[in-house]
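> Handing you this structure, nothing more for now.
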Amino acid sequence: MSAPAGSVRAVRPFRLQTTDADLDDLHRRLQRARLPAGPIGDAGDESALSLDRLASLVAHWRDAFDWRGVERALAAVPQFEADVDGQRIHFARLDAPAGVTDRLAVVLFHGWPYSFVEMLPLARALTEHPVDLGDGRTLGFDVVVPSLPGFGPSAPLADRPFTGPVVAELMHGLMTDVLGHRRYLTYGEDVGSTTSDWLAALHPGAVAGLFATHAAFPPASRVGDLTEAERTWLDRHEQEWARGLAYAKVQATRPEVLAAALGDSPVGLAAWIVEKLLAWSGAGTWWTDDDLLTTVTLYWCTRSIGSSFRPYRDHPQQPELPRIDVPVHVAVQTGEQGLPRSYGERTYTDVRRWIDLDRGAHFTAWQVPDVLAGEVRAFARALLRDGDVTGR
């Protein structure tokens with residue numbers, strides 16, 4: 001994207017700071033929390049968050065959770081904001097260590113219902129371990145982790161829809177016009193994967209490669225002749241999701257009603273978000289209560305739950321994703337295990353590697369950052385063999 005004159009202002013340092021009044025208000029609400037009187041039939045059997053588990057989480061939030069400690073920890077992460085085409089974008093930036101001979105920029109996009117915070121483990125894993133290229137050369141990663149518009153500290157979109165191409169153009173402007181990266185790798189999860197895919201589709205000259213754990217599903221125009229393996233996998237996937245999509249329909253059709261309820265009740269917000277974090281993380285226990293509450297509290301303190309529904313509300317305006325010709329490395333997360341490579345190749349024309357992960361579900365970068373960092377390093381090394389993809 002070539003930004004219009006005057007549309008990009010200088011990068012400004014950013015620090016997340018919640019007022020004492022807002023934290024006092026949150027604590028009072030938690031003290032007055034009123035949970036359901038008891039189970040609603042057998043609804044708890046298909047929910048990832050029981051009422052007892054929710055009650056213990058709320059108690060921890062009220063009595064022990066240290067949001068000021070979280071703010072201090074985040075203050076150690078270099079964070080900034082910049083205006084791109086009239087839109088205020090927040091981002092974290094972790095640079096490669098001094099002394100590397102080659103550099104490659106990587107941009108990481110979170111999805112819903114999470115934030116830039118959950119992408120930081122992957123960012124750290126990439127920046128802390130440069131790639132040994134031999135002959136005295138080392139490749140380091142300069143990692144940019146934006147907050148999507150309307151999520152956390154980034155301003156909501158006011159004059160344009162939240163669609164793949166719209167957000168991708170903003171993020172390309174951030175990477176090139178603001179930060180000066182000539183070429184970069186892109187990675188995204190959930191709604192962030194849509195941004196990542198559109199970046200590669202719209203700017204193949206700048207996107208050196210696309211890494212995916214949430215591989216793009218082809219649009220209707222490219223699924224008229226499914227193979228037996230593709231149809232079998234798709235049928236199974238749709239059956240698994242059939243009873244779990246009500247959240248998306250509500251967020252798309254009644255976003256203001258839902259936002260009013262969740263924005264006024266921290267317990268309601270925690271229930272809505274944590275149930276999805278647990279349901280989509282697969283088997284095992286991945287996070288502490290403090291981890292879960294960091295995500296919820298960030299939404300609460302930035303009052304961004306309503307604006308985070310925009311991707312769902314604006315989805316009907318989403319155009320068809322074109323074929324993507326940049327090099328692609330796919331590591332299928334466990335929630336979509338077995339996704340046929342041929343299905344992905346209906347969109348990605350240059351798949352360099354396709355594997356199934358054995359650990360790490362929907363929130364892959366948060367769950368198995370070291371595994372993903374290893375795959376990204378291998379991808380970058382392979383790309384370097386085909387030409388220089390580094391530099392500003």
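Following the order of the structure tokens, first chain is A, next is B, and so on, with residues numbered from 1 inside each chain and ligands from 1 in the order they appear.
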Near Arg323 of chain A, within 8 Å and counting only C-alpha atoms, which residues show up once chain neighbours fewer than 5 positions away are dropped, as a ChimeraX atom specification?
/A:201,346-349
> As a PDB file with N, CA and C atoms, in the first residue's frame, please: every residue in segment 122-218 of chain A that a backbone DSSP assignment puts in helix (DSSP H, G or I).

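Contents of states-v5.pdb, freshly written:
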```
ATOM      1  N   LEU A 122       5.434 -16.594  20.903  1.00  0.00           N
ATOM      2  CA  LEU A 122       6.022 -16.932  19.610  1.00  0.00           C
ATOM      3  C   LEU A 122       7.009 -15.851  19.172  1.00  0.00           C
ATOM      4  N   ALA A 123       6.641 -14.586  19.396  1.00  0.00           N
ATOM      5  CA  ALA A 123       7.544 -13.496  19.032  1.00  0.00           C
ATOM      6  C   ALA A 123       8.875 -13.631  19.768  1.00  0.00           C
ATOM      7  N   ARG A 124       8.813 -13.936  21.056  1.00  0.00           N
ATOM      8  CA  ARG A 124      10.052 -14.091  21.837  1.00  0.00           C
ATOM      9  C   ARG A 124      10.864 -15.287  21.350  1.00  0.00           C
ATOM     10  N   ALA A 125      10.178 -16.392  21.077  1.00  0.00           N
ATOM     11  CA  ALA A 125      10.877 -17.593  20.612  1.00  0.00           C
ATOM     12  C   ALA A 125      11.608 -17.327  19.295  1.00  0.00           C
ATOM     13  N   LEU A 126      11.038 -16.490  18.444  1.00  0.00           N
ATOM     14  CA  LEU A 126      11.682 -16.166  17.169  1.00  0.00           C
ATOM     15  C   LEU A 126      12.865 -15.229  17.358  1.00  0.00           C
ATOM     16  N   THR A 127      12.677 -14.171  18.159  1.00  0.00           N
ATOM     17  CA  THR A 127      13.739 -13.178  18.287  1.00  0.00           C
ATOM     18  C   THR A 127      14.920 -13.689  19.103  1.00  0.00           C
ATOM     19  N   GLY A 164     -11.040  -8.718   5.161  1.00  0.00           N
ATOM     20  CA  GLY A 164      -9.660  -9.104   4.909  1.00  0.00           C
ATOM     21  C   GLY A 164      -8.855  -8.061   4.150  1.00  0.00           C
ATOM     22  N   PRO A 165      -9.320  -7.614   2.991  1.00  0.00           N
ATOM     23  CA  PRO A 165      -8.518  -6.639   2.245  1.00  0.00           C
ATOM     24  C   PRO A 165      -8.371  -5.304   2.946  1.00  0.00           C
ATOM     25  N   VAL A 166      -9.398  -4.844   3.647  1.00  0.00           N
ATOM     26  CA  VAL A 166      -9.306  -3.560   4.354  1.00  0.00           C
ATOM     27  C   VAL A 166      -8.227  -3.621   5.434  1.00  0.00           C
ATOM     28  N   VAL A 167      -8.279  -4.636   6.277  1.00  0.00           N
ATOM     29  CA  VAL A 167      -7.307  -4.743   7.371  1.00  0.00           C
ATOM     30  C   VAL A 167      -5.919  -5.056   6.822  1.00  0.00           C
ATOM     31  N   ALA A 168      -5.845  -5.861   5.778  1.00  0.00           N
ATOM     32  CA  ALA A 168      -4.552  -6.184   5.184  1.00  0.00           C
ATOM     33  C   ALA A 168      -3.857  -4.935   4.655  1.00  0.00           C
ATOM     34  N   GLU A 169      -4.589  -4.047   4.029  1.00  0.00           N
ATOM     35  CA  GLU A 169      -3.971  -2.822   3.528  1.00  0.00           C
ATOM     36  C   GLU A 169      -3.428  -1.969   4.667  1.00  0.00           C
ATOM     37  N   LEU A 170      -4.156  -1.896   5.769  1.00  0.00           N
ATOM     38  CA  LEU A 170      -3.662  -1.154   6.928  1.00  0.00           C
ATOM     39  C   LEU A 170      -2.374  -1.781   7.462  1.00  0.00           C
ATOM     40  N   MET A 171      -2.347  -3.096   7.553  1.00  0.00           N
ATOM     41  CA  MET A 171      -1.182  -3.765   8.107  1.00  0.00           C
ATOM     42  C   MET A 171       0.011  -3.711   7.156  1.00  0.00           C
ATOM     43  N   HIS A 172      -0.252  -3.730   5.878  1.00  0.00           N
ATOM     44  CA  HIS A 172       0.846  -3.558   4.920  1.00  0.00           C
ATOM     45  C   HIS A 172       1.426  -2.149   5.048  1.00  0.00           C
ATOM     46  N   GLY A 173       0.554  -1.153   5.226  1.00  0.00           N
ATOM     47  CA  GLY A 173       1.034   0.201   5.443  1.00  0.00           C
ATOM     48  C   GLY A 173       1.883   0.306   6.697  1.00  0.00           C
ATOM     49  N   LEU A 174       1.461  -0.382   7.756  1.00  0.00           N
ATOM     50  CA  LEU A 174       2.247  -0.394   8.992  1.00  0.00           C
ATOM     51  C   LEU A 174       3.631  -0.989   8.741  1.00  0.00           C
ATOM     52  N   MET A 175       3.681  -2.126   8.064  1.00  0.00           N
ATOM     53  CA  MET A 175       4.953  -2.815   7.871  1.00  0.00           C
ATOM     54  C   MET A 175       5.891  -2.061   6.937  1.00  0.00           C
ATOM     55  N   THR A 176       5.346  -1.425   5.907  1.00  0.00           N
ATOM     56  CA  THR A 176       6.195  -0.795   4.898  1.00  0.00           C
ATOM     57  C   THR A 176       6.347   0.704   5.108  1.00  0.00           C
ATOM     58  N   ASP A 177       5.262   1.447   5.045  1.00  0.00           N
ATOM     59  CA  ASP A 177       5.340   2.902   5.143  1.00  0.00           C
ATOM     60  C   ASP A 177       5.782   3.373   6.521  1.00  0.00           C
ATOM     61  N   VAL A 178       5.313   2.702   7.564  1.00  0.00           N
ATOM     62  CA  VAL A 178       5.645   3.130   8.921  1.00  0.00           C
ATOM     63  C   VAL A 178       6.974   2.538   9.382  1.00  0.00           C
ATOM     64  N   VAL A 191      -9.406 -14.929  12.937  1.00  0.00           N
ATOM     65  CA  VAL A 191      -9.665 -13.828  12.003  1.00  0.00           C
ATOM     66  C   VAL A 191      -8.360 -13.182  11.551  1.00  0.00           C
ATOM     67  N   GLY A 192      -7.294 -13.329  12.336  1.00  0.00           N
ATOM     68  CA  GLY A 192      -5.996 -12.830  11.903  1.00  0.00           C
ATOM     69  C   GLY A 192      -5.430 -13.597  10.729  1.00  0.00           C
ATOM     70  N   SER A 193      -5.851 -14.857  10.551  1.00  0.00           N
ATOM     71  CA  SER A 193      -5.382 -15.615   9.387  1.00  0.00           C
ATOM     72  C   SER A 193      -5.959 -15.033   8.104  1.00  0.00           C
ATOM     73  N   THR A 194      -7.158 -14.460   8.200  1.00  0.00           N
ATOM     74  CA  THR A 194      -7.746 -13.805   7.030  1.00  0.00           C
ATOM     75  C   THR A 194      -6.902 -12.608   6.613  1.00  0.00           C
ATOM     76  N   THR A 195      -6.477 -11.810   7.588  1.00  0.00           N
ATOM     77  CA  THR A 195      -5.589 -10.685   7.292  1.00  0.00           C
ATOM     78  C   THR A 195      -4.303 -11.172   6.649  1.00  0.00           C
ATOM     79  N   SER A 196      -3.723 -12.231   7.197  1.00  0.00           N
ATOM     80  CA  SER A 196      -2.477 -12.776   6.677  1.00  0.00           C
ATOM     81  C   SER A 196      -2.645 -13.261   5.239  1.00  0.00           C
ATOM     82  N   ASP A 197      -3.723 -13.987   4.969  1.00  0.00           N
ATOM     83  CA  ASP A 197      -3.968 -14.483   3.613  1.00  0.00           C
ATOM     84  C   ASP A 197      -4.130 -13.330   2.620  1.00  0.00           C
ATOM     85  N   TRP A 198      -4.876 -12.296   3.015  1.00  0.00           N
ATOM     86  CA  TRP A 198      -5.091 -11.169   2.111  1.00  0.00           C
ATOM     87  C   TRP A 198      -3.819 -10.363   1.894  1.00  0.00           C
ATOM     88  N   LEU A 199      -2.960 -10.267   2.893  1.00  0.00           N
ATOM     89  CA  LEU A 199      -1.667  -9.620   2.673  1.00  0.00           C
ATOM     90  C   LEU A 199      -0.905 -10.314   1.553  1.00  0.00           C
ATOM     91  N   ALA A 200      -0.860 -11.641   1.627  1.00  0.00           N
ATOM     92  CA  ALA A 200      -0.144 -12.402   0.610  1.00  0.00           C
ATOM     93  C   ALA A 200      -0.800 -12.272  -0.758  1.00  0.00           C
ATOM     94  N   ALA A 201      -2.137 -12.218  -0.784  1.00  0.00           N
ATOM     95  CA  ALA A 201      -2.848 -12.110  -2.057  1.00  0.00           C
ATOM     96  C   ALA A 201      -2.648 -10.741  -2.695  1.00  0.00           C
ATOM     97  N   LEU A 202      -2.676  -9.688  -1.882  1.00  0.00           N
ATOM     98  CA  LEU A 202      -2.627  -8.326  -2.414  1.00  0.00           C
ATOM     99  C   LEU A 202      -1.210  -7.813  -2.627  1.00  0.00           C
TER     100      LEU A 202
END
```
> Report as an MDAnalysis selection string all protein, DNA and RNA residues lying within 8 Å of Ile89 of chain A, evaluated on only C-alpha atoms, omitting residues in the same chain fewer than 4 positions from it.
chainID A and resid 81:84 146:149 153:155
> Could you please take those selected residues and save N, CA and C atoms as a PDB file, in the first residue's frame?

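So selection.pdb came out as:
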```
ATOM      1  N   GLU A  81       2.287   2.958  18.900  1.00  0.00           N
ATOM      2  CA  GLU A  81       1.103   3.155  18.096  1.00  0.00           C
ATOM      3  C   GLU A  81       1.447   4.106  16.967  1.00  0.00           C
ATOM      4  N   ALA A  82       0.737   3.967  15.863  1.00  0.00           N
ATOM      5  CA  ALA A  82       0.956   4.819  14.703  1.00  0.00           C
ATOM      6  C   ALA A  82      -0.365   4.971  13.964  1.00  0.00           C
ATOM      7  N   ASP A  83      -0.481   6.041  13.211  1.00  0.00           N
ATOM      8  CA  ASP A  83      -1.671   6.270  12.389  1.00  0.00           C
ATOM      9  C   ASP A  83      -1.377   5.829  10.969  1.00  0.00           C
ATOM     10  N   VAL A  84      -2.182   4.915  10.478  1.00  0.00           N
ATOM     11  CA  VAL A  84      -2.038   4.395   9.121  1.00  0.00           C
ATOM     12  C   VAL A  84      -3.336   4.662   8.383  1.00  0.00           C
ATOM     13  N   PRO A 146       0.820  -6.678  15.822  1.00  0.00           N
ATOM     14  CA  PRO A 146      -0.207  -5.641  15.930  1.00  0.00           C
ATOM     15  C   PRO A 146      -1.432  -6.132  16.703  1.00  0.00           C
ATOM     16  N   SER A 147      -2.150  -5.170  17.267  1.00  0.00           N
ATOM     17  CA  SER A 147      -3.511  -5.424  17.731  1.00  0.00           C
ATOM     18  C   SER A 147      -4.436  -5.111  16.564  1.00  0.00           C
ATOM     19  N   LEU A 148      -5.271  -6.061  16.189  1.00  0.00           N
ATOM     20  CA  LEU A 148      -6.205  -5.823  15.092  1.00  0.00           C
ATOM     21  C   LEU A 148      -7.121  -4.644  15.442  1.00  0.00           C
ATOM     22  N   PRO A 149      -7.624  -3.932  14.451  1.00  0.00           N
ATOM     23  CA  PRO A 149      -8.507  -2.787  14.737  1.00  0.00           C
ATOM     24  C   PRO A 149      -9.695  -3.188  15.611  1.00  0.00           C
ATOM     25  N   PRO A 153      -5.798  -2.233  22.484  1.00  0.00           N
ATOM     26  CA  PRO A 153      -5.466  -0.814  22.369  1.00  0.00           C
ATOM     27  C   PRO A 153      -5.661  -0.196  20.980  1.00  0.00           C
ATOM     28  N   SER A 154      -5.862  -1.004  19.934  1.00  0.00           N
ATOM     29  CA  SER A 154      -6.062  -0.431  18.598  1.00  0.00           C
ATOM     30  C   SER A 154      -7.468   0.136  18.469  1.00  0.00           C
ATOM     31  N   ALA A 155      -7.569   1.283  17.816  1.00  0.00           N
ATOM     32  CA  ALA A 155      -8.868   1.935  17.654  1.00  0.00           C
ATOM     33  C   ALA A 155      -9.785   1.116  16.755  1.00  0.00           C
TER      34      ALA A 155
END
```
> Got a sec: who's within 12 Å of segment 225-230 of chain A, counting only C-alpha atoms, leaving out chain neighbours fewer than 3 positions off, as a list in words?
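With the cut-off at 12 Å, the set is Phe217, Pro218, Ala220, Ser221, Arg222, Trp233, Leu234, Asp235, Arg236, His237, Gly338, Leu339, Pro340, Arg341, Ser342, Tyr343, Gly344, Glu345 and Arg346 of chain A.
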> Take the residues from that selection and put them in a file with C-alpha atoms, as a JSON list (two decimals), in the first residue's frame.

```
[["chain", "number", "residue", "atom", "x", "y", "z"],
["A", 217, "PHE", "CA", -10.57, -22.76, 3.18],
["A", 218, "PRO", "CA", -11.33, -22.16, -0.51],
["A", 220, "ALA", "CA", -17.48, -21.65, -2.99],
["A", 221, "SER", "CA", -16.26, -21.03, -6.54],
["A", 222, "ARG", "CA", -13.33, -23.42, -5.99],
["A", 233, "TRP", "CA", -12.77, -34.40, 6.00],
["A", 234, "LEU", "CA", -15.11, -31.45, 5.39],
["A", 235, "ASP", "CA", -18.18, -33.42, 6.48],
["A", 236, "ARG", "CA", -16.47, -34.46, 9.70],
["A", 237, "HIS", "CA", -15.28, -30.91, 10.36],
["A", 338, "GLY", "CA", -6.05, -34.26, 8.60],
["A", 339, "LEU", "CA", -7.02, -31.27, 6.45],
["A", 340, "PRO", "CA", -6.12, -32.48, 2.96],
["A", 341, "ARG", "CA", -3.26, -30.67, 1.29],
["A", 342, "SER", "CA", -5.25, -30.68, -1.94],
["A", 343, "TYR", "CA", -7.96, -28.62, -0.22],
["A", 344, "GLY", "CA", -5.44, -25.96, 0.77],
["A", 345, "GLU", "CA", -3.89, -26.00, -2.69],
["A", 346, "ARG", "CA", -7.16, -24.72, -4.11]]
```
> Which residue out of A:Gly69, A:Gly335, A:Pro156, A:Pro13 has the minimum interatomic distance to Gly86 of chain A when only C-alpha atoms are used?
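Using only C-alpha atoms, Gly86 of chain A sits closest to A:Pro156.
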> Show me, as a VMD selection string, the residues that have an atom within 6 Å of segment 265-281 of chain A when counting only C-alpha atoms, minus same-chain residues fewer than 2 positions from it.
chain A and resid 48 to 49 262 to 263 296 361 to 362
> Residues near segment 134-142 of chain A, anyone? I mean within 7 Å using only C-alpha atoms, not counting same-chain ones fewer than 5 positions away, as a ChimeraX atom specification.
/A:94-96,100-106,126-127
> Which residues of segment 252-319 of chain A come within 9 Å of segment 16-26 of chain A, and for each one, what is the closest pair of atoms and their distance in Å to one decimal, counting only C-alpha atoms, sorted by chain and residue number, as a tab-separated table?

```
residue	atom	partner	partner_atom	distance
A:Pro266	CA	A:Leu26	CA	7.3
A:Trp300	CA	A:Leu26	CA	8.6
A:Cys301	CA	A:Thr18	CA	6.6
A:Thr302	CA	A:Thr18	CA	8.5
```
> Just the strand (DSSP E) stuff from segment 327-359 of chain A, please, per backbone DSSP, written as a ChimeraX atom specification.
/A:328-332,351-356
> Please compute the atom CA of Tyr299 of chain A-atom CA of Phe162 of chain A distance, one decimal, in Å.
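Calculated distance between atom CA of Tyr299 of chain A and atom CA of Phe162 of chain A is 18.3 Å.
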> Could you check how far atom CA of Gly41 of chain A sits from atom CA of Arg254 of chain A, in Å to one decimal?
25.2 Å
> Got a sec: who's within 6 Å of Arg183 of chain A, counting only C-alpha atoms, leaving out chain neighbours fewer than 5 positions off, as a PyMOL selection string?
chain A and resi 206-208
> Atom CA of Pro36 of chain A to atom CA of Val58 of chain A: how many Å, to one decimal?
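Calculated distance between atom CA of Pro36 of chain A and atom CA of Val58 of chain A is 13.1 Å.
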> Counting only C-alpha atoms, which residues of segment 214-254 of chain A sit at most 12 Å from some atom of segment 113-119 of chain A, and what is each one's closest atom pair with its distance in Å to one decimal, listed by chain and rising residue number, as JSON lines?

```
{"residue": "A:Tyr247", "atom": "CA", "partner": "A:Pro113", "partner_atom": "CA", "distance": 11.2}
{"residue": "A:Ala248", "atom": "CA", "partner": "A:Pro113", "partner_atom": "CA", "distance": 11.3}
{"residue": "A:Gln251", "atom": "CA", "partner": "A:Pro113", "partner_atom": "CA", "distance": 11.7}
```
> Hey, can you spit out that residue selection with C-alpha atoms as a PDB file, in the first residue's frame?

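Final output, saved to result.pdb:
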```pdb
ATOM      1  CA  TYR A 247     -21.569 -17.511  19.375  1.00  0.00           C
ATOM      2  CA  ALA A 248     -20.641 -16.341  15.865  1.00  0.00           C
ATOM      3  CA  GLN A 251     -21.891 -11.678  17.380  1.00  0.00           C
TER       4      GLN A 251
END
```
